[in-house]
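File shown: upload.pdb. Contents: PDB, C-alpha atoms, pLDDT in the B column.
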ATOM      1  CA  MET A 105       0.000   0.000   0.000  1.00 77.00           C
ATOM      2  CA  SER A 106       2.975   2.313   0.439  1.00 78.00           C
ATOM      3  CA  TYR A 107       3.440   2.258  -3.342  1.00 82.00           C
ATOM      4  CA  LEU A 108      -0.214   3.139  -3.905  1.00 83.00           C
ATOM      5  CA  ALA A 109       0.027   6.000  -1.405  1.00 82.00           C
ATOM      6  CA  LEU A 110       2.404   7.658  -3.877  1.00 81.00           C
ATOM      7  CA  GLU A 111       0.032   7.449  -6.849  1.00 84.00           C
ATOM      8  CA  HIS A 112      -1.026  10.840  -8.181  1.00 84.00           C
ATOM      9  CA  ASP A 113      -4.676  10.451  -7.157  1.00 86.00           C
ATOM     10  CA  LYS A 114      -3.661  10.776  -3.483  1.00 91.00           C
ATOM     11  CA  GLN A 115      -3.209  13.825  -1.324  1.00 94.00           C
ATOM     12  CA  LEU A 116      -0.202  13.629   0.979  1.00 95.00           C
ATOM     13  CA  PHE A 117       0.019  14.612   4.628  1.00 97.00           C
ATOM     14  CA  PHE A 118       3.583  15.023   5.835  1.00 97.00           C
ATOM     15  CA  GLY A 119       4.587  14.808   9.478  1.00 96.00           C
ATOM     16  CA  THR A 120       5.613  18.112  11.045  1.00 94.00           C
ATOM     17  CA  SER A 121       7.871  16.769  13.805  1.00 93.00           C
ATOM     18  CA  LEU A 122       9.152  13.623  12.066  1.00 95.00           C
ATOM     19  CA  ASP A 123       9.750  12.020   8.673  1.00 96.00           C
ATOM     20  CA  GLY A 124       6.524  10.358   7.569  1.00 95.00           C
ATOM     21  CA  VAL A 125       3.705  10.601   5.061  1.00 94.00           C
ATOM     22  CA  ILE A 126       0.063   9.522   4.821  1.00 95.00           C
ATOM     23  CA  GLY A 127      -1.665   9.104   1.460  1.00 94.00           C
ATOM     24  CA  TYR A 128      -5.375   9.924   1.560  1.00 95.00           C
ATOM     25  CA  GLY A 129      -8.391  11.134  -0.387  1.00 93.00           C
ATOM     26  CA  ILE A 130     -11.431  13.159   0.664  1.00 93.00           C
ATOM     27  CA  VAL A 131     -14.945  11.772   0.138  1.00 91.00           C
ATOM     28  CA  ASP A 132     -17.573  14.255   1.358  1.00 93.00           C
ATOM     29  CA  ASP A 133     -16.308  14.970   4.899  1.00 95.00           C
ATOM     30  CA  VAL A 134     -14.292  11.755   5.331  1.00 96.00           C
ATOM     31  CA  ALA A 135     -10.528  11.412   4.932  1.00 97.00           C
ATOM     32  CA  VAL A 136      -9.959   7.929   3.471  1.00 95.00           C
ATOM     33  CA  VAL A 137      -6.407   6.685   4.008  1.00 95.00           C
ATOM     34  CA  ASN A 138      -4.801   4.042   1.805  1.00 90.00           C
ATOM     35  CA  GLY A 139      -2.805   1.690   4.035  1.00 89.00           C
ATOM     36  CA  ASP A 140      -0.732   2.351   7.129  1.00 92.00           C
ATOM     37  CA  PRO A 141       1.141   5.640   7.532  1.00 93.00           C
ATOM     38  CA  VAL A 142       4.593   5.475   5.966  1.00 91.00           C
ATOM     39  CA  CYS A 143       7.147   6.139   8.687  1.00 93.00           C
ATOM     40  CA  ALA A 144       9.532   4.479  11.097  1.00 95.00           C
ATOM     41  CA  PRO A 145       7.546   2.129  13.356  1.00 93.00           C
ATOM     42  CA  SER A 146       8.605   4.075  16.446  1.00 95.00           C
ATOM     43  CA  ASP A 147       7.168   7.283  14.934  1.00 97.00           C
ATOM     44  CA  PHE A 148       3.782   5.743  14.150  1.00 96.00           C
ATOM     45  CA  PRO A 149       1.840   7.049  17.214  1.00 96.00           C
ATOM     46  CA  VAL A 150       3.089  10.609  16.720  1.00 97.00           C
ATOM     47  CA  LEU A 151       2.330  10.717  12.981  1.00 97.00           C
ATOM     48  CA  LEU A 152      -1.117   9.235  13.591  1.00 97.00           C
ATOM     49  CA  ALA A 153      -1.827  11.857  16.276  1.00 97.00           C
ATOM     50  CA  GLU A 154      -0.744  14.658  13.949  1.00 97.00           C
ATOM     51  CA  PHE A 155      -3.022  13.397  11.196  1.00 97.00           C
ATOM     52  CA  LYS A 156      -5.964  13.037  13.575  1.00 97.00           C
ATOM     53  CA  SER A 157      -5.430  16.637  14.679  1.00 97.00           C
ATOM     54  CA  PHE A 158      -5.262  17.778  11.042  1.00 97.00           C
ATOM     55  CA  CYS A 159      -8.542  15.999  10.255  1.00 97.00           C
ATOM     56  CA  LYS A 160     -10.276  17.368  13.348  1.00 96.00           C
ATOM     57  CA  ASN A 161      -9.224  20.916  12.494  1.00 97.00           C
ATOM     58  CA  ASN A 162     -10.690  20.493   8.993  1.00 97.00           C
ATOM     59  CA  GLY A 163     -13.905  18.775  10.098  1.00 97.00           C
ATOM     60  CA  TYR A 164     -13.022  15.364   8.636  1.00 97.00           C
ATOM     61  CA  SER A 165     -13.805  11.924   9.958  1.00 96.00           C
ATOM     62  CA  VAL A 166     -11.076   9.331   9.277  1.00 96.00           C
ATOM     63  CA  VAL A 167     -11.168   5.831   7.780  1.00 96.00           C
ATOM     64  CA  PHE A 168      -8.077   3.678   7.142  1.00 95.00           C
ATOM     65  CA  LEU A 169      -8.307   0.971   4.464  1.00 91.00           C
ATOM     66  CA  TYR A 170      -6.004  -2.027   3.945  1.00 87.00           C
ATOM     67  CA  ILE A 171      -4.025  -1.625   7.137  1.00 89.00           C
ATOM     68  CA  THR A 172      -1.657  -4.322   8.357  1.00 84.00           C
ATOM     69  CA  ASP A 173      -1.966  -6.048  11.706  1.00 85.00           C
ATOM     70  CA  ALA A 174       1.410  -4.667  12.821  1.00 85.00           C
ATOM     71  CA  PHE A 175      -0.174  -1.530  14.287  1.00 92.00           C
ATOM     72  CA  LEU A 176      -3.639  -2.717  15.315  1.00 93.00           C
ATOM     73  CA  GLN A 177      -3.027  -2.080  18.998  1.00 94.00           C
ATOM     74  CA  LYS A 178      -1.681   1.399  18.270  1.00 95.00           C
ATOM     75  CA  TYR A 179      -4.788   2.233  16.220  1.00 96.00           C
ATOM     76  CA  TRP A 180      -6.910   0.984  19.114  1.00 95.00           C
ATOM     77  CA  ASP A 181      -4.918   3.035  21.607  1.00 95.00           C
ATOM     78  CA  ALA A 182      -5.511   6.110  19.433  1.00 94.00           C
ATOM     79  CA  GLY A 183      -9.290   5.623  19.610  1.00 94.00           C
ATOM     80  CA  PHE A 184      -9.945   3.705  16.392  1.00 95.00           C
ATOM     81  CA  ALA A 185     -12.063   0.580  16.091  1.00 94.00           C
ATOM     82  CA  TYR A 186     -11.353  -1.949  13.339  1.00 92.00           C
ATOM     83  CA  VAL A 187     -13.147  -4.556  11.249  1.00 92.00           C
ATOM     84  CA  LYS A 188     -11.473  -7.436   9.439  1.00 89.00           C
ATOM     85  CA  ALA A 189     -12.567  -7.992   5.843  1.00 85.00           C
ATOM     86  CA  GLY A 190     -11.136 -10.800   3.735  1.00 81.00           C
ATOM     87  CA  GLU A 191      -7.917 -12.769   3.682  1.00 79.00           C
ATOM     88  CA  LYS A 192      -4.662 -12.366   1.792  1.00 74.00           C
ATOM     89  CA  ALA A 193      -4.090 -14.855  -1.010  1.00 78.00           C
ATOM     90  CA  ARG A 194      -0.385 -15.458  -0.498  1.00 79.00           C
ATOM     91  CA  PHE A 195       1.813 -18.207  -1.917  1.00 79.00           C
ATOM     92  CA  ASP A 196       5.262 -19.307  -0.792  1.00 80.00           C
ATOM     93  CA  LEU A 197       7.070 -19.464  -4.132  1.00 75.00           C
ATOM     94  CA  LEU A 198       9.733 -21.781  -2.718  1.00 78.00           C
ATOM     95  CA  THR A 199       7.201 -24.518  -2.012  1.00 82.00           C
ATOM     96  CA  TYR A 200       4.193 -23.806  -4.270  1.00 80.00           C
ATOM     97  CA  THR A 201       3.728 -26.201  -7.172  1.00 81.00           C
ATOM     98  CA  LEU A 202       1.270 -26.665 -10.024  1.00 83.00           C
ATOM     99  CA  LYS A 203       1.356 -30.416  -9.542  1.00 87.00           C
ATOM    100  CA  GLY A 204      -1.535 -32.387  -8.058  1.00 86.00           C
ATOM    101  CA  ASN A 205      -5.322 -32.370  -8.307  1.00 87.00           C
ATOM    102  CA  ARG A 206      -5.866 -29.107  -6.441  1.00 82.00           C
ATOM    103  CA  ALA A 207      -3.909 -27.143  -9.062  1.00 81.00           C
ATOM    104  CA  GLY A 208      -5.468 -28.987 -11.996  1.00 86.00           C
ATOM    105  CA  LYS A 209      -7.572 -26.082 -13.296  1.00 86.00           C
ATOM    106  CA  VAL A 210      -4.700 -23.620 -13.030  1.00 85.00           C
ATOM    107  CA  ARG A 211      -2.349 -26.073 -14.724  1.00 87.00           C
ATOM    108  CA  ALA A 212      -4.805 -26.533 -17.590  1.00 89.00           C
ATOM    109  CA  SER A 213      -5.115 -22.741 -17.998  1.00 87.00           C
ATOM    110  CA  VAL A 214      -1.356 -22.316 -18.041  1.00 86.00           C
ATOM    111  CA  ASN A 215      -0.894 -25.110 -20.601  1.00 87.00           C
ATOM    112  CA  HIS A 216      -3.587 -23.627 -22.827  1.00 86.00           C
ATOM    113  CA  ALA A 217      -1.991 -20.166 -22.866  1.00 89.00           C
ATOM    114  CA  ALA A 218       1.527 -21.565 -23.266  1.00 87.00           C
ATOM    115  CA  LYS A 219       0.591 -23.084 -26.632  1.00 90.00           C
ATOM    116  CA  THR A 220       0.196 -19.683 -28.273  1.00 90.00           C
ATOM    117  CA  CYS A 221       1.967 -17.151 -26.048  1.00 92.00           C
ATOM    118  CA  SER A 222       5.422 -16.341 -24.758  1.00 92.00           C
ATOM    119  CA  VAL A 223       6.214 -14.252 -21.694  1.00 92.00           C
ATOM    120  CA  PHE A 224       8.990 -11.745 -21.067  1.00 94.00           C
ATOM    121  CA  GLU A 225       9.898  -9.239 -18.364  1.00 95.00           C
ATOM    122  CA  TYR A 226       9.989  -5.595 -19.445  1.00 97.00           C
ATOM    123  CA  ARG A 227      12.505  -3.528 -17.471  1.00 97.00           C
ATOM    124  CA  PRO A 228      11.961   0.201 -18.051  1.00 97.00           C
ATOM    125  CA  LEU A 229      14.737   1.150 -15.652  1.00 96.00           C
ATOM    126  CA  VAL A 230      17.223  -0.776 -17.779  1.00 96.00           C
ATOM    127  CA  MET A 231      16.012   0.420 -21.180  1.00 95.00           C
ATOM    128  CA  ARG A 232      12.816   2.155 -22.248  1.00 96.00           C
ATOM    129  CA  ASP A 233      11.173   0.849 -25.418  1.00 97.00           C
ATOM    130  CA  ASP A 234       8.503   2.941 -27.127  1.00 97.00           C
ATOM    131  CA  SER A 235       7.001   0.011 -29.015  1.00 97.00           C
ATOM    132  CA  THR A 236       6.563  -2.082 -25.872  1.00 97.00           C
ATOM    133  CA  GLU A 237       5.027   0.802 -23.956  1.00 97.00           C
ATOM    134  CA  ARG A 238       2.630   1.653 -26.787  1.00 97.00           C
ATOM    135  CA  GLN A 239       1.466  -1.960 -26.799  1.00 97.00           C
ATOM    136  CA  ILE A 240       1.022  -1.935 -23.013  1.00 97.00           C
ATOM    137  CA  ALA A 241      -1.090   1.223 -23.378  1.00 96.00           C
ATOM    138  CA  ALA A 242      -3.123  -0.433 -26.154  1.00 96.00           C
ATOM    139  CA  VAL A 243      -3.820  -3.454 -23.945  1.00 96.00           C
ATOM    140  CA  SER A 244      -5.033  -1.123 -21.191  1.00 94.00           C
ATOM    141  CA  ALA A 245      -7.284   0.764 -23.610  1.00 93.00           C
ATOM    142  CA  ASP A 246      -8.846  -2.471 -24.865  1.00 93.00           C
ATOM    143  CA  TRP A 247      -9.255  -3.726 -21.296  1.00 92.00           C
ATOM    144  CA  PHE A 248     -11.190  -0.624 -20.228  1.00 88.00           C
ATOM    145  CA  LYS A 249     -13.449  -0.748 -23.290  1.00 89.00           C
ATOM    146  CA  GLY A 250     -14.824  -4.039 -22.008  1.00 76.00           C
ATOM    147  CA  LYS A 251     -15.662  -2.711 -18.550  1.00 78.00           C
ATOM    148  CA  ARG A 252     -19.111  -1.481 -17.618  1.00 72.00           C
ATOM    149  CA  THR A 253     -17.972   0.219 -14.431  1.00 68.00           C
ATOM    150  CA  GLU A 254     -15.699   3.162 -13.812  1.00 66.00           C
ATOM    151  CA  LYS A 255     -11.952   2.662 -13.662  1.00 66.00           C
ATOM    152  CA  LEU A 256     -10.786   1.435 -10.275  1.00 66.00           C
ATOM    153  CA  VAL A 257      -8.684   4.028  -8.502  1.00 69.00           C
ATOM    154  CA  PHE A 258      -7.246   4.717  -5.053  1.00 76.00           C
ATOM    155  CA  SER A 259      -6.674   1.095  -3.999  1.00 75.00           C
ATOM    156  CA  VAL A 260      -5.306  -0.057  -7.374  1.00 79.00           C
ATOM    157  CA  GLY A 261      -2.145   1.307  -8.944  1.00 83.00           C
ATOM    158  CA  THR A 262      -1.277   2.340 -12.480  1.00 88.00           C
ATOM    159  CA  THR A 263       1.382   1.033 -14.830  1.00 92.00           C
ATOM    160  CA  SER A 264       3.667   3.860 -13.608  1.00 92.00           C
ATOM    161  CA  LEU A 265       6.155   3.348 -16.420  1.00 95.00           C
ATOM    162  CA  ASP A 266       7.595   6.821 -15.867  1.00 93.00           C
ATOM    163  CA  GLU A 267       8.178   6.098 -12.170  1.00 91.00           C
ATOM    164  CA  PRO A 268       8.563   2.303 -11.944  1.00 94.00           C
ATOM    165  CA  MET A 269      10.695   2.219  -8.788  1.00 92.00           C
ATOM    166  CA  ASP A 270      10.956  -1.508  -7.936  1.00 94.00           C
ATOM    167  CA  ARG A 271       7.872  -2.609  -9.880  1.00 94.00           C
ATOM    168  CA  ARG A 272       8.237  -5.620 -12.157  1.00 95.00           C
ATOM    169  CA  TYR A 273       6.434  -5.869 -15.498  1.00 96.00           C
ATOM    170  CA  PHE A 274       5.618  -9.229 -17.093  1.00 95.00           C
ATOM    171  CA  CYS A 275       4.100  -9.222 -20.577  1.00 96.00           C
ATOM    172  CA  ALA A 276       2.676 -11.946 -22.822  1.00 95.00           C
ATOM    173  CA  ARG A 277       3.072 -11.940 -26.592  1.00 95.00           C
ATOM    174  CA  ASP A 278       0.613 -13.814 -28.797  1.00 93.00           C
ATOM    175  CA  SER A 279       1.474 -15.764 -31.942  1.00 90.00           C
ATOM    176  CA  SER A 280       1.660 -12.527 -33.969  1.00 92.00           C
ATOM    177  CA  GLY A 281       4.308 -11.113 -31.643  1.00 93.00           C
ATOM    178  CA  SER A 282       2.009  -8.469 -30.159  1.00 95.00           C
ATOM    179  CA  ILE A 283       1.552  -7.950 -26.426  1.00 97.00           C
ATOM    180  CA  CYS A 284      -1.854  -9.307 -25.452  1.00 96.00           C
ATOM    181  CA  ALA A 285      -1.634  -9.163 -21.639  1.00 96.00           C
ATOM    182  CA  PHE A 286       0.542  -7.906 -18.819  1.00 96.00           C
ATOM    183  CA  THR A 287       0.818  -7.916 -15.039  1.00 95.00           C
ATOM    184  CA  VAL A 288       2.508  -5.312 -12.855  1.00 95.00           C
ATOM    185  CA  PHE A 289       3.907  -6.544  -9.536  1.00 93.00           C
ATOM    186  CA  ILE A 290       4.775  -4.268  -6.646  1.00 92.00           C
ATOM    187  CA  PRO A 291       7.076  -5.343  -3.797  1.00 91.00           C
ATOM    188  CA  PHE A 292       6.089  -5.716  -0.174  1.00 85.00           C
ATOM    189  CA  THR A 293       7.909  -6.422   3.061  1.00 81.00           C
ATOM    190  CA  THR A 294       6.238  -7.882   6.140  1.00 74.00           C
ATOM    191  CA  GLN A 295       7.311  -9.465   9.381  1.00 72.00           C
ATOM    192  CA  GLU A 296       7.003 -12.829   7.605  1.00 73.00           C
ATOM    193  CA  GLY A 297       9.293 -11.862   4.750  1.00 77.00           C
ATOM    194  CA  ARG A 298       9.364 -10.226   1.345  1.00 84.00           C
ATOM    195  CA  GLY A 299       7.364 -10.782  -1.805  1.00 86.00           C
ATOM    196  CA  TYR A 300       5.486  -9.218  -4.709  1.00 89.00           C
ATOM    197  CA  MET A 301       1.808  -8.419  -5.126  1.00 88.00           C
ATOM    198  CA  ALA A 302       0.062  -8.591  -8.499  1.00 89.00           C
ATOM    199  CA  ASP A 303      -1.328  -5.051  -8.600  1.00 91.00           C
ATOM    200  CA  VAL A 304      -2.363  -4.405 -12.216  1.00 92.00           C
ATOM    201  CA  THR A 305      -3.442  -7.291 -14.482  1.00 92.00           C
ATOM    202  CA  ARG A 306      -4.877  -6.511 -17.923  1.00 94.00           C
ATOM    203  CA  ARG A 307      -5.444  -8.302 -21.234  1.00 94.00           C
ATOM    204  CA  ILE A 308      -7.091  -7.664 -24.567  1.00 95.00           C
ATOM    205  CA  HIS A 309     -10.603  -9.026 -25.075  1.00 92.00           C
ATOM    206  CA  ASP A 310      -9.526 -11.905 -27.326  1.00 91.00           C
ATOM    207  CA  ALA A 311      -6.376 -12.895 -25.431  1.00 91.00           C
ATOM    208  CA  PRO A 312      -5.936 -16.656 -25.000  1.00 88.00           C
ATOM    209  CA  GLY A 313      -7.761 -18.134 -22.031  1.00 88.00           C
ATOM    210  CA  GLY A 314      -5.604 -18.639 -18.980  1.00 89.00           C
ATOM    211  CA  ILE A 315      -3.150 -15.883 -19.869  1.00 92.00           C
ATOM    212  CA  ALA A 316      -3.273 -14.312 -16.386  1.00 88.00           C
ATOM    213  CA  ASP A 317      -2.479 -17.670 -14.775  1.00 87.00           C
ATOM    214  CA  TYR A 318       0.347 -18.127 -17.257  1.00 88.00           C
ATOM    215  CA  LEU A 319       1.888 -14.780 -16.344  1.00 88.00           C
ATOM    216  CA  ASN A 320       1.724 -15.575 -12.645  1.00 82.00           C
ATOM    217  CA  ALA A 321       3.066 -19.083 -13.112  1.00 79.00           C
ATOM    218  CA  LEU A 322       6.079 -17.915 -15.090  1.00 67.00           C
ATOM    219  CA  TYR A 323       6.778 -15.132 -12.595  1.00 57.00           C
ATOM    220  CA  ARG A 324       7.617 -17.892 -10.115  1.00 55.00           C
TER     221      ARG A 324
END
Could I get this file's structure written as C-alpha cells?
Amino acid sequence: MSYLALEHDKQLFFGTSLDGVIGYGIVDDVAVVNGDPVCAPSDFPVLLAEFKSFCKNNGYSVVFLYITDAFLQKYWDAGFAYVKAGEKARFDLLTYTLKGNRAGKVRASVNHAAKTCSVFEYRPLVMRDDSTERQIAAVSADWFKGKRTEKLVFSVGTTSLDEPMDRRYFCARDSSGSICAFTVFIPFTTQEGRGYMADVTRRIHDAPGGIADYLNALYR
C-alpha cells in the first residue's frame, strides 16, 4: 500500500515533527487513508496523532483501508475501532507447485496459454522501449473498453512506467508477436518476509484463455 500511497490520485500529509507521510483522499467529509502511515515504526503514534489533529481541524472523519496487523493495537490506543474484511491470497514461491489435483484447473489454464503465447519481463529502468510501452497502453485501452464500471482508482495502482521504482512488469506476446496481456507486480515487506503483489493485471478481449495464470506461473 505504500506504493499506492504515492500514486497521483492521493493527497499527501507530511509529518511536522518527524519524517513520515500519509496518502489519503477526501470523500464528502471523510478522509480515506490508503494503508498504514509510511514512517519508522517508532514514529507511528506521533504521525497518527498529527493526522488526527489535522482531520479534526478540517472537520473530517477518518477511515483507514487495507491496514496491516502490525499496528492494530496502536490504532486501538488512538481511539480507532477496526473490522477485518477478507484474507490475503499469499503463496510461498519456494514450495508452491502446479502439480496435483488441487492445481489442476490452473495447470490446464497455463498449458492452454503456453501453446500460443510467450512471456517476457519488461525492465523500463534498464532500457525504455517505445514500441513495448505503446502496446502496453493499447492493452489497457482495450481492457477498459470491455468494462461497464468506472476505472478502479485509489486502492489499485497504475502502470507507472515513468516512475517504476521496484515494480516488475511481465508481458505476454501472442502468436503474432504483439503484447496481449501484462501484469505489474509491486514489492512488499512484512514481518514474515518479502514478496510481490500482483497489482495491475490486464489483457485484450480476445487474449488466449488462462493468460493471467500463465503470467503468474512464469513469474515464479
Checklist outcome for this item: Nearest to Phe195 of chain A, restricted to all atoms listed in the file and choosing among A:Thr287, A:His216, A:Ala311, A:Gly299, comes out as A:Gly299
Next on the checklist: Quick check on the file I pasted: which residues fall under the PyMOL selection byres ((chain A and resi 316) around 12)? Write them as a PyMOL selection string.
Outcome noted: chain A and resi 210-211+213-218+221+223+274-276+284-288+302+304-308+311-315+317-323
Which polymer residues have any atom within 8 Å of an atom of Met105 of chain A, counting all atoms listed in the file, with same-chain residues fewer than 5 positions away left out, as a compact mmCIF listing (two decimals) with C-alpha atoms, keeping the file's coordinate frame?
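Written file, around_35.txt:
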# COMPACT_ATOMS: atom_id res chain seq x y z
CA ASN A 138 -4.80 4.04 1.80
CA GLY A 139 -2.80 1.69 4.04
CA ASP A 140 -0.73 2.35 7.13
CA TYR A 170 -6.00 -2.03 3.94
CA SER A 259 -6.67 1.10 -4.00
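Considering only C-alpha atoms, the residue among A:Val134, A:Gly190, A:Arg238, A:Pro141 positioned nearest to Lys160 of chain A is A:Val134.
Rounded to one decimal, atom CA of Thr263 of chain A and atom CA of Arg277 of chain A lie 17.6 Å from each other.
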Checklist entry - Any chance you could work out the residue set of the PyMOL selection byres ((chain A and resi 164-166) around 9) here, as number ranges by chain? => result A: 130, 132-137, 156, 158-163, 167-168
Item to check | Distance query Lys114 of chain A at most 7 Å, only C-alpha atoms, self and fewer than 2 positions along chain excluded, as JSON, numbers by chain | outcome: {"A": [109, 110, 111, 112, 116, 127, 128, 129]}
Checklist entry - How many Å lie between atom CA of Arg227 of chain A and atom CA of Arg272 of chain A, rounded to one decimal? => result 7.1 Å
